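One structure is given here, and the rest of the page talks about it.
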Amino acid sequence: MIRRITKDELYHCCDPSTLPFKTTKELSILKETIGQERALRALDFGLGIESKGFNIYILGESGTGKMTTIKTILEKKAKEEPVPSDWCYVYNFKNPDEPQALELPPGTGVVFQKDMQELINTLRQEIPKIFESKEYERQRTKIIEEFQEKQKRHFAELEKEAREKDFALRKTATGLVIGPVKKTGETLSEEEYERLEPEVKKRIEEIGKQLQERLDDVIRIAREEEKKVKERLGELEREAVLSSVGHRIEELKVKYRDHKKVIEYLEDVKEDILDHLEDFKQQEESSPVLPFLKPPKTEPSFTRYAVNVFVNNRDLKGAPVVVESNPTYYNLFGRIEHKLQYGMAMTDFTMIKAGSLQRANGGYLVTDALELLRNIFSYDSLKRAIKDREIKIDDVWEQYRLISTVTLRPQAIPFNVKIILVGNPVLYYLLYNLDEEYRELFKVKADFENRMDRNEENIMKYAGFIHTKCVEMGLKPFDRDAVARVVEYGSRLAEHQHKLSAKFSEISDLIKEADYWAGMNNNDVVTVKDVERAIEEKRHRVNKVEQKILESIKDGTILVDTEGAVVGQVNGLSVIDLGDYSFGMPSRITAKTYAGKAGIVNIEREAKLSGKIHEKAVFILTAYLGGKYAIKKPLTLSASLTFEQQYGYIEGDSATCAEVYALLSSITGVPLKQSIAITGSMNQHGDVQPIGGVNEKIEGFYKVCKIKGLTGEQGVIIPSRNLIHLMLSREVIEDVVNGRFHIYAIDNIEDGIEILTGMPPGELQPDGTYPEGTFNHLVLKKLDELSEALKEKKEPEGEGNKKG
């Protein structure tokens with residue numbers, strides 16, 4: 001059935017009088033997310049459930065407020081949750097390559113760091129004083145004097161024994177030696193020794209051997225005594241230090257008595273201090289070998305007693321919410337930094353830096369899914385952390401190095417983070433279908449709508465959104481006429497008369513631009529004219545390509561007729577999407593038919609310029625023609641279809657109806673009106689199906705007709721199922737109302753025949769024919785003629801073969 005569209009069907013107006021305010025200034029701030037009930041319920045569930053694997057993927061089109069919504073929800077929810085623990089890295093005295101992780105109550109990490117720093121500073125001041133005290137010096141001197149007395153006594157006894165046996169104990173460059181002496185006490189020379197009787201020599205050798213053994217025993221005893229003295233001195237130092245400063249470490253143990261690992265660490269610190277007391281003593285400057293070359297003063301390092309506050313939650317008021325915009329591996333998991341010393345890269349546990357995961361531990365981490373996948377190691381490492389329930393800092397490039405290097409391997413900390421990925425639907429379904437682990441780790445899907453119902457409640461929420469943005473950004477209030485125009489713009493974006501766009505980024509841009517033009521017009525309130533100006537100016541900024549195509553049509557470079565009638569030629573409609581702007585343009589579709597059995601040839605397909613959907617549409621078209629006109633006889637013809645002056649890829653099925661009309665016109669020889677453009681897909685039964693971009697297509701053909709001159713005969717045929725999507729420009733509506741342009745809606749392919757040809761289509765009669773003078777009768781007649789022509793061509797060929 002053919003319908004001529006009325007004014008009310010072309011546009012769904014928002015009546016400003018239905019809005020219960022004069023300006024948005026009278027409204028209250030909007031605190032909720034609009035039109036996302038499904039997604040909000042999913043987020044509420046995903047954030048509430050604590051079971052493993054229930055992390056969240058938020059999907060939706062760009063501009064639907066995914067990131068803003070999740071930030072707002074998390075900020076509110078996190079305030080009601082406890083602040084997580086601080087984490088510190090300290091020196092591991094048992095295994096220095098594996099720094100030890102300590103968990104402390106929130107805000108305590110910095111306190112513990114300060115306590116340890118004060119402890120070491122105090123010890124560096126007090127320990128040297130202990131070793132300089134009179135009491136320590138007295139006890140030390142006593143121990144040394146006792147040792148020296150014993151040593152002196154042992155050597156005195158040995159010397160006395162040697163003297164009694166005519167031997168003497170002498171000091172030489174090589175040490176103590178025992179040698180025979182004369183009665184006068186002088187040392188027996190070698191010559192004198194050789195002149196002695198053999199018996200005397202033998203006796204001297206025996207006595208010398210006995211005394212040498214005795215000397216060795218005395219030296220051994222002296223060394224043992226010296227070792228004991230060192231041990232006693234060490235014990236003295238330990239006792240002296242413990243008696244004076246040991247209570248300071250004990251005070252820290254009492255302060256952190258509820259933390260077992262801290263107590264164990266303090267005990268290790270105490271033992272290490274006692275083992276390295278030399279580091280705390282006054283360091284004497286060594287004199288330089290060369291007077292003019294003074295070596296740098298070397299100070300002992302006390303870094304091993306420092307505390308690296310890895311995660312500091314002192315200033316948090318609830319659970320942490322971290323939004324990571326650049327999820328590289330190091331930004332997520334932290335890093336071990338290095339510094340250059342003498343040409344070498346050096347590091348220690350104080351250079352371990354936290355990443356987003358550690359800062360978000362006990363709370364929430366939000367990141368973009370596409371950015372996560374773009375960064376090497378990040379996605380796989382994140383999945384591993386979720387599965388293992390621990391956060392490790394690894395040297396991820398180690399496996400790619402030719403030479404293995406020694407580096408720190410900090411202890412892992414427990415993983416307790418709710419991961420929220422934000423991305424587009426395509427990426428979600430790719431991950432879900434191709435990555436089995438993903439399904440187990442991200443079980444909550446929060447799907448954001450790109451449009452919502454246009455009802456009174458949502459219109460008021462739209463108005464509330466406008467007011468909220470005005471307050472947040474310091475913009476002028478909107479009057480209700482301007483709000484009504486923004487609502488209508490939302491329906492145009494949604495491409496539906498009873499829907500509103502949920503892409504609030506575009507609505508927000510319109511609000512800001514309208515405020516700018518209101519300022520340029522010196523208005524205190526944004527009016528409908530300011531909104532219209534903002535829409536028009538934005539269109540003007542991005543429609544350069546459209547204008548160039550219109551110019552090419554006007555000067556005849558691109559061939560489009562808007563008057564007259566042509567056989568086998570029709571104006572189809574397509575949408576060109578540039579990303580930031582989409583517009584409709586007519587495309588000349590032509591068909592040629594002739595006797596043969598090749599069927600319908602899609603020239604775009606043969607040239608590999610046709611997409612799968614377009615190819616399917618041509619097959620549907622062929623099936624329709626066969627079912628309609630070849631019930632009793634086979635469909636015998638050759639035909640070709642093409643889009644003229646189209647050099648790019650053709651995709652979609654919205655030109656199917658136009659292609660059918662072009663083919664039927666070519667078969668019958670009946671010309672089609674070039675003043676009418678057609679858009680619509682169809683099924684095998686000839687039912688016309690809705691298409692996308694109907695507003696752009698109508699406006700595109702209207703602009704072409706306008707530059708070529710409106711005659712009052714031009715118009716567009718659209719599927720009747722697309723009427724609900726009409727939100728046309730005021731310019732088109734005005735000319736439709738005044739009869740200068742027409743829009744027709746059809747349900748079946750035959751409905752458009754009379755509009756395009758002026759002939760009635762004709763209904764099928766019981767005998768399988770159509771009434772004379774109808775379009776379908778002419779189609780059958782011409783198909784019979786093509787079939788007969790093919791038979792006549794075959795018969796002469798057959799006779800020629802017989803003669804041969």
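Ordering of the structure tokens sets the chain letters (A, B, ...), residue numbers begin anew at 1 in every chain, and ligands are numbered from 1 in the order given.
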
DSSP alpha helix (DSSP H) selection over region 348-382 of chain A, as a list of chain:residue names: A:Ser356, A:Leu357, A:Gln358, A:Arg359, A:Ala360, A:Ala369, A:Leu370, A:Glu371, A:Leu372, A:Leu373, A:Arg374, A:Ser378, A:Tyr379, A:Asp380, A:Ser381, A:Leu382

Keeping only C-alpha atoms, write the selected residues as a compact mmCIF listing (two decimals), in the first residue's frame.
# COMPACT_ATOMS: atom_id res chain seq x y z
CA SER A 356 48.33 0.52 39.86
CA LEU A 357 47.49 -2.99 41.08
CA GLN A 358 49.33 -2.54 44.37
CA ARG A 359 47.79 0.91 44.90
CA ALA A 360 44.34 -0.49 44.11
CA ALA A 369 40.37 -3.00 27.59
CA LEU A 370 41.87 -2.02 24.24
CA GLU A 371 44.80 -0.19 25.87
CA LEU A 372 45.40 -3.24 28.08
CA LEU A 373 45.62 -5.54 25.05
CA ARG A 374 47.86 -3.13 23.16
CA SER A 378 49.93 -6.62 30.54
CA TYR A 379 46.85 -8.75 29.76
CA ASP A 380 48.47 -12.15 30.38
CA SER A 381 50.15 -10.96 33.58
CA LEU A 382 46.86 -9.50 34.85

Distance query Gly686 (chain A) at most 7 Å, only C-alpha atoms, self and fewer than 3 positions along chain excluded, as a list in words: Tyr624, Met682, Asn683, Asn748 and Ile749 of chain A

Residue selection dump (N, CA, C and O atoms) as a PDB file, in the first residue's frame:
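Just written: selection.pdb:
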ATOM      1  N   TYR A 624      13.270 -13.496  -6.040  1.00  0.00           N
ATOM      2  CA  TYR A 624      11.965 -12.818  -6.126  1.00  0.00           C
ATOM      3  C   TYR A 624      11.451 -12.821  -7.565  1.00  0.00           C
ATOM      4  O   TYR A 624      10.281 -13.130  -7.833  1.00  0.00           O
ATOM      5  N   MET A 682      14.540  -5.809   0.611  1.00  0.00           N
ATOM      6  CA  MET A 682      13.346  -6.625   0.398  1.00  0.00           C
ATOM      7  C   MET A 682      13.668  -8.086   0.679  1.00  0.00           C
ATOM      8  O   MET A 682      14.832  -8.489   0.711  1.00  0.00           O
ATOM      9  N   ASN A 683      12.601  -8.875   0.885  1.00  0.00           N
ATOM     10  CA  ASN A 683      12.785 -10.318   1.027  1.00  0.00           C
ATOM     11  C   ASN A 683      12.318 -11.022  -0.247  1.00  0.00           C
ATOM     12  O   ASN A 683      11.903 -10.383  -1.219  1.00  0.00           O
ATOM     13  N   ASN A 748       5.249  -3.126  -0.055  1.00  0.00           N
ATOM     14  CA  ASN A 748       5.609  -4.201  -0.961  1.00  0.00           C
ATOM     15  C   ASN A 748       6.264  -3.605  -2.200  1.00  0.00           C
ATOM     16  O   ASN A 748       6.026  -2.444  -2.548  1.00  0.00           O
ATOM     17  N   ILE A 749       7.054  -4.394  -2.872  1.00  0.00           N
ATOM     18  CA  ILE A 749       7.795  -3.889  -4.020  1.00  0.00           C
ATOM     19  C   ILE A 749       6.873  -3.359  -5.109  1.00  0.00           C
ATOM     20  O   ILE A 749       7.207  -2.409  -5.830  1.00  0.00           O
TER      21      ILE A 749
END

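Each of A:Ala745, A:Ile698, A:Ala591, A:Leu621 was compared to Gly669 (chain A) using only C-alpha atoms, and A:Ala591 turns out to be the nearest.
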
Point-to-point distance in Å for CA of Tyr489 (chain A) and CA of Lys445 (chain A):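 Between CA of Lys445 (chain A) and CA of Tyr489 (chain A) the gap is 29.7 Å.
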
For Val471 (chain A), the nearest of the candidates A:Lys512, A:Lys387, A:Lys142, A:His154, counting only C-alpha atoms: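 Going through A:Lys512, A:Lys387, A:Lys142, A:His154 one by one, the smallest distance to Val471 (chain A) is for A:Lys512.
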
Straight-line distance linking CA of Lys22 (chain A) with CA of Gly63 (chain A), stated in Å to one decimal: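 Spanning CA of Lys22 (chain A) to CA of Gly63 (chain A) is a straight-line distance of 28.6 Å.
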
Test item: residues at most 12 Å from Thr6 (chain A), only C-alpha atoms, excluding those fewer than 2 positions along its chain, as a ChimeraX atom specification: /A:3-4,8-12,723,726,733-739,741-745

Between CA of Ala662 (chain A) and CA of Gly568 (chain A) - distance in Å to one decimal: 4.5 Å

Contact residues around Lys79 (chain A) with only C-alpha atoms at 8 Å, ignoring same-chain residues under 3 positions, as a PyMOL selection string: chain A and resi 75-76+82+317-319

Top pick for closest residue to Leu252 (chain A), considering A:Leu728, A:Leu635, A:Leu340, A:Val111 and counting only C-alpha atoms: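 Smallest separation from Leu252 (chain A) among the options: A:Val111.
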
Strand (DSSP E) per DSSP on the backbone: members of region 399-464 of chain A, as a list in words: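 The strand (DSSP E) residues within region 399-464 of chain A come out as Ile413, Pro414, Lys418, Ile419, Ile420, Leu421, Val422, Gly423, Val444, Lys445, Ala446, Asp447, Arg451, Met452 and Asp453 of chain A.
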
Restricting it to all heavy atoms, dump the selection as a CSV table (one decimal), in the first residue's frame.
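See out_27.csv below for the written result:
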chain,number,residue,atom,x,y,z
A,413,ILE,N,52.7,-9.9,47.1
A,413,ILE,CA,51.7,-9.5,48.1
A,413,ILE,C,50.4,-10.0,47.6
A,413,ILE,O,50.1,-10.2,46.4
A,413,ILE,CB,51.7,-8.0,48.3
A,413,ILE,CG1,51.2,-7.2,47.0
A,413,ILE,CG2,53.1,-7.4,48.7
A,413,ILE,CD1,51.0,-5.7,47.2
A,414,PRO,N,49.5,-10.3,48.5
A,414,PRO,CA,48.2,-10.9,48.2
A,414,PRO,C,47.4,-10.0,47.3
A,414,PRO,O,47.4,-8.8,47.4
A,414,PRO,CB,47.5,-11.1,49.5
A,414,PRO,CG,48.6,-11.1,50.6
A,414,PRO,CD,49.7,-10.2,50.0
A,418,LYS,N,39.2,-5.7,42.6
A,418,LYS,CA,38.1,-5.9,41.6
A,418,LYS,C,38.5,-5.2,40.3
A,418,LYS,O,38.7,-3.9,40.3
A,418,LYS,CB,36.8,-5.3,42.2
A,418,LYS,CG,35.6,-5.5,41.2
A,418,LYS,CD,35.1,-6.9,41.1
A,418,LYS,CE,34.4,-7.3,42.4
A,418,LYS,NZ,33.8,-8.7,42.3
A,419,ILE,N,38.7,-5.9,39.3
A,419,ILE,CA,39.1,-5.4,38.0
A,419,ILE,C,37.9,-5.0,37.2
A,419,ILE,O,37.0,-5.8,37.0
A,419,ILE,CB,40.0,-6.4,37.2
A,419,ILE,CG1,41.2,-6.9,38.1
A,419,ILE,CG2,40.5,-5.8,35.9
A,419,ILE,CD1,42.2,-5.8,38.4
A,420,ILE,N,37.9,-3.8,36.6
A,420,ILE,CA,36.8,-3.3,35.8
A,420,ILE,C,37.4,-2.9,34.4
A,420,ILE,O,38.2,-1.9,34.4
A,420,ILE,CB,36.1,-2.2,36.4
A,420,ILE,CG1,35.4,-2.7,37.7
A,420,ILE,CG2,35.0,-1.7,35.5
A,420,ILE,CD1,35.6,-1.7,38.8
A,421,LEU,N,37.1,-3.6,33.4
A,421,LEU,CA,37.6,-3.3,32.0
A,421,LEU,C,36.5,-2.5,31.3
A,421,LEU,O,35.3,-2.8,31.5
A,421,LEU,CB,37.9,-4.5,31.2
A,421,LEU,CG,39.0,-5.4,31.7
A,421,LEU,CD1,39.3,-6.6,30.8
A,421,LEU,CD2,40.3,-4.6,32.0
A,422,VAL,N,36.8,-1.5,30.6
A,422,VAL,CA,35.9,-0.7,29.8
A,422,VAL,C,36.3,-0.8,28.3
A,422,VAL,O,37.4,-0.5,28.0
A,422,VAL,CB,35.9,0.8,30.3
A,422,VAL,CG1,34.9,1.6,29.5
A,422,VAL,CG2,35.6,0.9,31.8
A,423,GLY,N,35.3,-1.2,27.5
A,423,GLY,CA,35.6,-1.3,26.1
A,423,GLY,C,34.4,-1.4,25.2
A,423,GLY,O,33.3,-1.2,25.7
A,444,VAL,N,31.1,-10.9,34.8
A,444,VAL,CA,30.0,-9.9,34.8
A,444,VAL,C,30.1,-9.0,33.6
A,444,VAL,O,31.1,-8.3,33.4
A,444,VAL,CB,30.1,-9.1,36.1
A,444,VAL,CG1,28.9,-8.1,36.2
A,444,VAL,CG2,30.1,-10.0,37.4
A,445,LYS,N,29.0,-8.9,32.9
A,445,LYS,CA,28.9,-8.1,31.7
A,445,LYS,C,27.9,-6.9,32.0
A,445,LYS,O,26.7,-7.2,32.3
A,445,LYS,CB,28.4,-8.9,30.5
A,445,LYS,CG,28.0,-8.2,29.3
A,445,LYS,CD,27.3,-9.1,28.3
A,445,LYS,CE,26.8,-8.4,27.1
A,445,LYS,NZ,26.1,-9.3,26.1
A,446,ALA,N,28.4,-5.7,31.9
A,446,ALA,CA,27.6,-4.5,32.1
A,446,ALA,C,27.4,-3.8,30.7
A,446,ALA,O,28.4,-3.2,30.3
A,446,ALA,CB,28.2,-3.6,33.1
A,447,ASP,N,26.3,-4.0,30.1
A,447,ASP,CA,26.1,-3.6,28.7
A,447,ASP,C,25.3,-2.2,28.7
A,447,ASP,O,24.2,-2.1,29.1
A,447,ASP,CB,25.3,-4.6,28.0
A,447,ASP,CG,25.3,-4.5,26.5
A,447,ASP,OD1,25.8,-3.4,26.0
A,447,ASP,OD2,24.9,-5.4,25.8
A,451,ARG,N,20.7,4.1,23.4
A,451,ARG,CA,19.5,5.0,23.4
A,451,ARG,C,18.5,4.5,24.4
A,451,ARG,O,18.6,3.4,24.9
A,451,ARG,CB,18.9,5.0,22.0
A,451,ARG,CG,18.4,3.7,21.4
A,451,ARG,CD,18.0,3.8,20.0
A,451,ARG,NE,17.4,2.6,19.5
A,451,ARG,CZ,16.8,2.5,18.3
A,451,ARG,NH1,16.9,3.5,17.4
A,451,ARG,NH2,16.3,1.4,17.8
A,452,MET,N,17.5,5.3,24.7
A,452,MET,CA,16.5,5.0,25.7
A,452,MET,C,15.2,5.6,25.3
A,452,MET,O,15.1,6.3,24.3
A,452,MET,CB,17.0,5.7,27.1
A,452,MET,CG,17.1,7.2,27.0
A,452,MET,SD,17.8,7.8,28.5
A,452,MET,CE,17.9,9.6,28.1
A,453,ASP,N,14.1,5.2,26.0
A,453,ASP,CA,12.8,5.6,25.7
A,453,ASP,C,12.6,7.1,25.8
A,453,ASP,O,13.1,7.7,26.8
A,453,ASP,CB,11.8,4.8,26.6
A,453,ASP,CG,11.7,3.3,26.3
A,453,ASP,OD1,12.1,3.0,25.1
A,453,ASP,OD2,11.3,2.6,27.2

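Each of A:Thr72, A:Leu672, A:Gly627, A:Ser610 was checked against Phe643 (chain A) using only C-alpha atoms; the smallest atom-to-atom distance is that of A:Ser610.
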
9 Å contact set for Pro690 (chain A), only C-alpha atoms, chain neighbours under 4 positions out, as a list in words: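 Once the adjacent positions are removed, what remains is Ser654, Thr679, Gly680, Ser681, Met682, Val694, Ile718, Pro719, Ser720, Arg721 and Asn722 of chain A.
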
Residues near Leu664 (chain A), cut-off 10 Å, only C-alpha atoms, skip fewer than 3 positions along chain, as a list of chain:residue names: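 Everything that qualifies: A:Val567, A:Gly568, A:Ala591, A:Lys592, A:Thr593, A:Leu625, A:Glu659, A:Val660, A:Tyr661, A:Ile667, A:Thr668, A:Gly669, A:Val670, A:Pro671, A:Leu672, A:Ile753, A:Phe775, A:Asn776, A:Leu778, A:Val779, A:Lys782.
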